[in-house]
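Pasting run_28.pdb here (PDB, C-alpha atoms, pLDDT in the B column):
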```pdb
ATOM      1  CA  MET A   1       0.000   0.000   0.000  1.00 46.00           C
ATOM      2  CA  ALA A   2       1.242   3.471  -0.824  1.00 47.00           C
ATOM      3  CA  GLU A   3      -1.039   6.388  -0.123  1.00 48.00           C
ATOM      4  CA  THR A   4       0.012   9.736  -1.461  1.00 49.00           C
ATOM      5  CA  GLY A   5      -1.221  12.737   0.431  1.00 51.00           C
ATOM      6  CA  GLY A   6       0.247  15.412  -1.758  1.00 54.00           C
ATOM      7  CA  ALA A   7       3.401  17.399  -1.132  1.00 61.00           C
ATOM      8  CA  GLY A   8       5.405  14.198  -1.487  1.00 80.00           C
ATOM      9  CA  ILE A   9       3.932  12.387   1.540  1.00 89.00           C
ATOM     10  CA  VAL A  10       3.561   8.609   1.311  1.00 92.00           C
ATOM     11  CA  LEU A  11       2.110   6.230   3.899  1.00 95.00           C
ATOM     12  CA  ARG A  12       3.419   2.685   3.876  1.00 95.00           C
ATOM     13  CA  PRO A  13       3.286  -0.260   6.265  1.00 97.00           C
ATOM     14  CA  THR A  14       5.922  -0.145   8.971  1.00 98.00           C
ATOM     15  CA  ARG A  15       8.605  -2.820   8.627  1.00 97.00           C
ATOM     16  CA  PRO A  16      10.633  -4.374  11.447  1.00 98.00           C
ATOM     17  CA  ASP A  17      13.700  -2.378  10.345  1.00 97.00           C
ATOM     18  CA  ASP A  18      11.718   0.871  10.904  1.00 98.00           C
ATOM     19  CA  ILE A  19      11.212   0.233  14.619  1.00 98.00           C
ATOM     20  CA  ASP A  20      14.520   1.834  15.678  1.00 97.00           C
ATOM     21  CA  PHE A  21      13.356   5.093  14.034  1.00 97.00           C
ATOM     22  CA  VAL A  22       9.940   4.786  15.743  1.00 97.00           C
ATOM     23  CA  LEU A  23      11.492   4.155  19.178  1.00 96.00           C
ATOM     24  CA  ALA A  24      13.895   7.074  18.776  1.00 95.00           C
ATOM     25  CA  LEU A  25      11.014   9.356  17.824  1.00 94.00           C
ATOM     26  CA  GLU A  26       8.943   8.289  20.834  1.00 93.00           C
ATOM     27  CA  ALA A  27      11.941   8.834  23.113  1.00 93.00           C
ATOM     28  CA  ARG A  28      12.482  12.458  22.094  1.00 91.00           C
ATOM     29  CA  PRO A  29      12.252  14.830  25.056  1.00 88.00           C
ATOM     30  CA  ASP A  30       9.796  17.127  23.226  1.00 84.00           C
ATOM     31  CA  TYR A  31       7.387  14.184  22.825  1.00 82.00           C
ATOM     32  CA  GLY A  32       7.799  12.790  26.337  1.00 76.00           C
ATOM     33  CA  ALA A  33       4.917  14.813  27.751  1.00 77.00           C
ATOM     34  CA  PHE A  34       2.483  13.890  24.982  1.00 84.00           C
ATOM     35  CA  ILE A  35       3.264  10.420  23.603  1.00 84.00           C
ATOM     36  CA  LEU A  36       2.935   7.254  25.647  1.00 83.00           C
ATOM     37  CA  ARG A  37       5.911   5.105  24.740  1.00 88.00           C
ATOM     38  CA  TRP A  38       5.773   1.494  23.667  1.00 93.00           C
ATOM     39  CA  SER A  39       8.473  -1.151  23.867  1.00 95.00           C
ATOM     40  CA  ARG A  40      10.093  -2.661  20.779  1.00 97.00           C
ATOM     41  CA  GLU A  41       8.025  -5.804  21.397  1.00 97.00           C
ATOM     42  CA  GLU A  42       4.749  -3.845  21.467  1.00 96.00           C
ATOM     43  CA  HIS A  43       5.566  -2.131  18.170  1.00 97.00           C
ATOM     44  CA  LEU A  44       6.624  -5.406  16.544  1.00 97.00           C
ATOM     45  CA  ALA A  45       3.428  -7.109  17.752  1.00 97.00           C
ATOM     46  CA  ALA A  46       1.347  -4.286  16.225  1.00 97.00           C
ATOM     47  CA  LEU A  47       2.838  -5.059  12.784  1.00 97.00           C
ATOM     48  CA  ASP A  48       0.949  -8.361  12.704  1.00 95.00           C
ATOM     49  CA  ASP A  49      -2.147  -7.366  14.709  1.00 96.00           C
ATOM     50  CA  THR A  50      -5.288  -7.488  12.546  1.00 94.00           C
ATOM     51  CA  ASP A  51      -6.936  -4.841  14.755  1.00 95.00           C
ATOM     52  CA  ARG A  52      -4.100  -2.348  14.279  1.00 96.00           C
ATOM     53  CA  ARG A  53      -2.286  -0.674  11.433  1.00 96.00           C
ATOM     54  CA  HIS A  54       1.282   0.593  11.954  1.00 98.00           C
ATOM     55  CA  LEU A  55       2.281   2.994   9.174  1.00 97.00           C
ATOM     56  CA  MET A  56       5.332   5.026   8.302  1.00 97.00           C
ATOM     57  CA  ILE A  57       4.960   8.594   7.076  1.00 96.00           C
ATOM     58  CA  CYS A  58       7.599   9.006   4.377  1.00 95.00           C
ATOM     59  CA  GLY A  59       8.778  11.626   1.960  1.00 91.00           C
ATOM     60  CA  ALA A  60       8.680  11.021  -1.780  1.00 81.00           C
ATOM     61  CA  ALA A  61      12.114   9.364  -1.619  1.00 84.00           C
ATOM     62  CA  GLU A  62      10.829   7.000   1.126  1.00 87.00           C
ATOM     63  CA  GLU A  63      12.805   8.798   3.848  1.00 91.00           C
ATOM     64  CA  PRO A  64      10.985   8.372   7.174  1.00 95.00           C
ATOM     65  CA  LEU A  65       9.296  11.519   8.456  1.00 95.00           C
ATOM     66  CA  GLY A  66       7.166   9.944  11.193  1.00 96.00           C
ATOM     67  CA  PHE A  67       4.781   7.150  12.013  1.00 97.00           C
ATOM     68  CA  VAL A  68       1.107   6.451  12.704  1.00 97.00           C
ATOM     69  CA  LEU A  69      -0.679   3.836  14.802  1.00 97.00           C
ATOM     70  CA  LEU A  70      -4.341   3.018  14.137  1.00 97.00           C
ATOM     71  CA  ALA A  71      -6.630   0.688  16.115  1.00 96.00           C
ATOM     72  CA  GLY A  72     -10.147  -0.678  15.859  1.00 95.00           C
ATOM     73  CA  LEU A  73      -9.827  -2.156  12.378  1.00 94.00           C
ATOM     74  CA  ALA A  74     -11.147  -5.604  13.321  1.00 90.00           C
ATOM     75  CA  LYS A  75     -14.050  -4.380  15.441  1.00 80.00           C
ATOM     76  CA  GLY A  76     -16.149  -3.152  12.553  1.00 73.00           C
ATOM     77  CA  GLY A  77     -18.618  -0.331  12.971  1.00 76.00           C
ATOM     78  CA  GLY A  78     -16.566   2.037  10.866  1.00 90.00           C
ATOM     79  CA  ARG A  79     -14.918   3.851  13.801  1.00 93.00           C
ATOM     80  CA  ILE A  80     -11.112   3.771  13.778  1.00 96.00           C
ATOM     81  CA  GLU A  81      -8.879   5.161  16.510  1.00 96.00           C
ATOM     82  CA  LEU A  82      -5.763   7.194  15.809  1.00 97.00           C
ATOM     83  CA  LEU A  83      -3.606   5.887  18.657  1.00 94.00           C
ATOM     84  CA  ARG A  84      -0.529   7.867  17.784  1.00 94.00           C
ATOM     85  CA  ILE A  85       1.017  10.120  15.195  1.00 94.00           C
ATOM     86  CA  ALA A  86       4.535  11.472  15.569  1.00 93.00           C
ATOM     87  CA  LEU A  87       6.684  13.458  13.173  1.00 92.00           C
ATOM     88  CA  ASP A  88      10.440  13.835  13.089  1.00 91.00           C
ATOM     89  CA  ARG A  89      10.240  17.554  12.260  1.00 83.00           C
ATOM     90  CA  PRO A  90       7.045  19.012  13.755  1.00 75.00           C
ATOM     91  CA  GLY A  91       6.126  22.567  12.850  1.00 72.00           C
ATOM     92  CA  LYS A  92       7.266  22.246   9.232  1.00 72.00           C
ATOM     93  CA  GLY A  93       3.792  21.775   7.708  1.00 73.00           C
ATOM     94  CA  THR A  94       4.154  18.033   7.258  1.00 83.00           C
ATOM     95  CA  GLY A  95       1.540  17.225   9.918  1.00 85.00           C
ATOM     96  CA  GLY A  96      -1.441  18.592   8.015  1.00 87.00           C
ATOM     97  CA  THR A  97      -0.412  16.803   4.842  1.00 90.00           C
ATOM     98  CA  ALA A  98       0.208  13.581   6.767  1.00 92.00           C
ATOM     99  CA  LEU A  99      -3.203  13.848   8.466  1.00 92.00           C
ATOM    100  CA  SER A 100      -4.845  14.396   5.087  1.00 92.00           C
ATOM    101  CA  ALA A 101      -3.119  11.324   3.620  1.00 93.00           C
ATOM    102  CA  LEU A 102      -4.057   9.318   6.703  1.00 95.00           C
ATOM    103  CA  ALA A 103      -7.718  10.391   6.530  1.00 95.00           C
ATOM    104  CA  ALA A 104      -7.826   9.533   2.812  1.00 94.00           C
ATOM    105  CA  HIS A 105      -6.523   6.061   3.687  1.00 94.00           C
ATOM    106  CA  VAL A 106      -8.935   5.586   6.606  1.00 95.00           C
ATOM    107  CA  PHE A 107     -12.027   6.736   4.711  1.00 95.00           C
ATOM    108  CA  GLY A 108     -11.040   5.418   1.278  1.00 93.00           C
ATOM    109  CA  ASP A 109      -9.064   2.199   1.698  1.00 92.00           C
ATOM    110  CA  LEU A 110     -10.425   1.139   5.082  1.00 93.00           C
ATOM    111  CA  GLY A 111     -13.991   2.368   4.501  1.00 93.00           C
ATOM    112  CA  ALA A 112     -14.338   3.958   7.936  1.00 95.00           C
ATOM    113  CA  GLN A 113     -17.082   6.414   8.830  1.00 95.00           C
ATOM    114  CA  SER A 114     -15.040   8.215  11.501  1.00 96.00           C
ATOM    115  CA  LEU A 115     -11.513   8.585  12.824  1.00 97.00           C
ATOM    116  CA  TRP A 116     -11.177   9.474  16.490  1.00 96.00           C
ATOM    117  CA  LEU A 117      -8.372  10.194  18.919  1.00 95.00           C
ATOM    118  CA  ASP A 118      -7.669  11.424  22.393  1.00 93.00           C
ATOM    119  CA  VAL A 119      -5.044  14.015  23.158  1.00 93.00           C
ATOM    120  CA  PHE A 120      -3.759  15.372  26.451  1.00 89.00           C
ATOM    121  CA  GLU A 121      -5.647  18.546  27.320  1.00 90.00           C
ATOM    122  CA  ASP A 122      -2.393  20.531  27.616  1.00 89.00           C
ATOM    123  CA  ASN A 123      -1.245  19.508  24.113  1.00 90.00           C
ATOM    124  CA  THR A 124      -2.787  22.567  22.472  1.00 90.00           C
ATOM    125  CA  ARG A 125      -0.433  22.454  19.468  1.00 88.00           C
ATOM    126  CA  ALA A 126      -1.743  19.026  18.465  1.00 90.00           C
ATOM    127  CA  GLN A 127      -5.352  20.073  19.086  1.00 92.00           C
ATOM    128  CA  ARG A 128      -4.909  23.026  16.707  1.00 92.00           C
ATOM    129  CA  ALA A 129      -3.479  20.710  14.028  1.00 91.00           C
ATOM    130  CA  TYR A 130      -6.372  18.284  14.441  1.00 93.00           C
ATOM    131  CA  ARG A 131      -8.936  21.102  14.203  1.00 93.00           C
ATOM    132  CA  ARG A 132      -7.299  22.384  10.999  1.00 90.00           C
ATOM    133  CA  ALA A 133      -7.656  18.845   9.611  1.00 91.00           C
ATOM    134  CA  GLY A 134     -11.400  18.903  10.350  1.00 93.00           C
ATOM    135  CA  PHE A 135     -11.533  17.115  13.722  1.00 96.00           C
ATOM    136  CA  THR A 136     -14.070  18.404  16.241  1.00 94.00           C
ATOM    137  CA  GLU A 137     -14.051  17.996  19.987  1.00 93.00           C
ATOM    138  CA  ASP A 138     -16.462  15.436  21.406  1.00 91.00           C
ATOM    139  CA  ARG A 139     -18.437  16.935  24.273  1.00 85.00           C
ATOM    140  CA  GLY A 140     -19.085  14.956  27.404  1.00 76.00           C
ATOM    141  CA  ALA A 141     -17.080  13.389  30.164  1.00 70.00           C
ATOM    142  CA  ARG A 142     -13.333  13.821  29.876  1.00 74.00           C
ATOM    143  CA  PRO A 143     -11.391  10.570  30.100  1.00 83.00           C
ATOM    144  CA  MET A 144      -8.185  10.579  32.090  1.00 80.00           C
ATOM    145  CA  ALA A 145      -4.780   9.041  31.387  1.00 79.00           C
ATOM    146  CA  GLN A 146      -1.629   8.512  33.397  1.00 75.00           C
ATOM    147  CA  ARG A 147       1.406  10.582  32.477  1.00 77.00           C
ATOM    148  CA  ASN A 148       4.487  10.487  34.655  1.00 76.00           C
ATOM    149  CA  GLY A 149       2.429   9.115  37.553  1.00 80.00           C
ATOM    150  CA  GLU A 150      -0.235  11.826  37.339  1.00 80.00           C
ATOM    151  CA  GLU A 151      -3.868  11.496  36.172  1.00 82.00           C
ATOM    152  CA  LEU A 152      -4.481  14.079  33.447  1.00 84.00           C
ATOM    153  CA  PRO A 153      -7.560  14.904  31.351  1.00 87.00           C
ATOM    154  CA  LEU A 154      -7.809  14.004  27.690  1.00 91.00           C
ATOM    155  CA  VAL A 155      -9.706  15.739  24.909  1.00 92.00           C
ATOM    156  CA  VAL A 156     -11.527  13.341  22.565  1.00 94.00           C
ATOM    157  CA  MET A 157     -11.768  14.500  18.954  1.00 95.00           C
ATOM    158  CA  THR A 158     -13.443  12.965  15.898  1.00 96.00           C
ATOM    159  CA  LEU A 159     -13.152  13.435  12.148  1.00 96.00           C
ATOM    160  CA  THR A 160     -16.113  12.134  10.173  1.00 95.00           C
ATOM    161  CA  ARG A 161     -16.051  11.083   6.544  1.00 94.00           C
ATOM    162  CA  ALA A 162     -18.308  14.073   5.685  1.00 92.00           C
ATOM    163  CA  ALA A 163     -16.151  16.576   7.597  1.00 91.00           C
ATOM    164  CA  PHE A 164     -13.030  15.259   5.861  1.00 93.00           C
ATOM    165  CA  ALA A 165     -14.694  15.688   2.458  1.00 89.00           C
ATOM    166  CA  GLU A 166     -15.616  19.293   3.326  1.00 87.00           C
ATOM    167  CA  THR A 167     -12.115  20.043   4.611  1.00 82.00           C
ATOM    168  CA  GLU A 168     -10.543  18.619   1.458  1.00 81.00           C
ATOM    169  CA  LYS A 169     -12.952  20.585  -0.744  1.00 81.00           C
ATOM    170  CA  ALA A 170     -12.043  23.801   1.091  1.00 79.00           C
ATOM    171  CA  ARG A 171      -8.310  23.020   0.732  1.00 72.00           C
ATOM    172  CA  ALA A 172      -8.749  22.390  -2.987  1.00 71.00           C
ATOM    173  CA  GLY A 173     -10.468  25.765  -3.331  1.00 70.00           C
ATOM    174  CA  LEU A 174      -7.551  27.482  -1.586  1.00 64.00           C
ATOM    175  CA  ARG A 175      -5.035  25.865  -3.951  1.00 56.00           C
ATOM    176  CA  ARG A 176      -6.750  27.262  -7.061  1.00 53.00           C
TER     177      ARG A 176
END
```
Please lay out the structure from this file as structure tokens.
Amino acid sequence: MAETGGAGIVLRPTRPDDIDFVLALEARPDYGAFILRWSREEHLAALDDTDRRHLMICGAAEEPLGFVLLAGLAKGGGRIELLRIALDRPGKGTGGTALSALAAHVFGDLGAQSLWLDVFEDNTRAQRAYRRAGFTEDRGARPMAQRNGEELPLVVMTLTRAAFAETEKARAGLRR
């Protein structure tokens, strides 16, 4: 599978030899407060898990730019979870393009009706990026997650197939 999201972004299945890159990205100090780290074994197990999809975000020359973890593929119901997305060079505009390519894959190839995620409440940079991509905040009770031994609130956000189509249509209009 190779999904092109424009601007030279390609999504491809993660291979075992990509895991060192993934682990190094998760271990970065600037991600420590926002990304829950997995072991090498957990990442390798996800490569063969029918409920998960582990993808690399690559440039046109296949150089790794980041990775994505999806869950909920085997459950049906058309609702897929974005467990994790991490980029090697955040703030360079790659995130929006990667999210667009990911959404095209989720709604096109996987046939999902919605893509959802949770993000730490204090990760406002990521929330802004998700909103620009068409995600909206789900109202209701705030789930909590452990980070460095502390219970912290999460914001749940969802992108529907229809919202993605509208966002892409608006982007296409801006490019004209």
Check the smallest atom-to-atom distance from each of A:Glu121, A:Glu81, A:Asp18, A:Asp88 to A:Thr160 using all atoms listed in the file, then report the winner.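 Checking each candidate against A:Thr160, we get A:Glu81 as the closest.
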Using all atoms listed in the file, what does the table of stretch 142-162 of chain A residues within 12 Å of stretch 36-54 of chain A look like, with each row giving the shortest atom pair and its distance in Å to one decimal, sorted by chain and ascending number, as a Markdown table?
```
| residue | atom | partner | partner_atom | distance |
| --- | --- | --- | --- | --- |
| A:Ala145 | CA | A:Leu36 | CA | 9.8 |
| A:Gln146 | CA | A:Leu36 | CA | 9.1 |
| A:Arg147 | CA | A:Leu36 | CA | 7.7 |
| A:Asn148 | CA | A:Leu36 | CA | 9.7 |
```
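What the PyMOL selection byres ((chain A and resi 153) around 9) grabs from this file is Val119, Phe120, Glu121, Asp122, Arg142, Pro143, Met144, Ala145, Gln146, Glu151, Leu152, Leu154 and Val155 of chain A.
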Given all atoms listed in the file as the counted atoms, nearest of A:Pro90, A:Gly96, A:Gly8, A:Gly108 to A:Asp30: A:Pro90
To test your reading of the syntax: which residues would the PyMOL selection byres ((chain A and resi 68) around 6) return for the file shown? Reply as a list in words.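 Going through the file, the PyMOL selection byres ((chain A and resi 68) around 6) ends up selecting His54, Leu55, Phe67, Leu69, Arg84 and Ile85 of chain A.
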Quick one, how far is atom CA of A:Leu99 from atom CA of A:Ala133? 6.8 Å
What does the distance between atom CA of A:Leu82 and atom CA of A:Asp138 come to in Å, to one decimal place?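 Going from atom CA of A:Leu82 over to atom CA of A:Asp138 covers 14.6 Å.
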Expected selection from the PyMOL selection byres ((chain A and resi 167-174) around 10), given as a list in words: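 Those residues are Ser100, Ala104, Arg132, Ala133, Gly134, Phe135, Arg161, Ala162, Ala163, Phe164, Ala165, Glu166, Arg175 and Arg176 of chain A.
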Quick one: residues within 10 Å of A:Ala61, all atoms listed in the file, excluding same-chain residues fewer than 3 positions away - as a PyMOL selection string? chain A and resi 8-10+58+64
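Taking all atoms listed in the file into account, A:Leu115 lies nearest to A:Ile80 out of the set A:Ala101, A:Ala86, A:Ala141, A:Ile80.
We find atom CA of A:Val156 and atom CA of A:Arg139 to be spaced 8.0 Å apart.
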Would you please work out which residue, of A:Thr158, A:Pro29, A:Asp17, A:Glu137, is nearest to A:Gln113 when using all atoms listed in the file?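 Of the candidates, the smallest distance to A:Gln113 is held by A:Thr158.
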Among listed residues A:Met56, A:Ala129, A:Leu73, A:Leu65, nearest A:Asp109 (using all atoms listed in the file):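 Among the listed residues, the smallest separation from A:Asp109 belongs to A:Leu73.
Remark: for A:Val106, the closest of the candidate residues A:Thr136, A:Ala27, A:Gly72, A:Tyr130 is A:Gly72 (distances computed over all atoms listed in the file).
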Could you check which residues have any atom within 8 Å of (-17.3, 2.1, 13.1), counting all atoms listed in the file with coordinates taken straight from the file, and then list them as a PyMOL selection string? chain A and resi 75-80+112-114
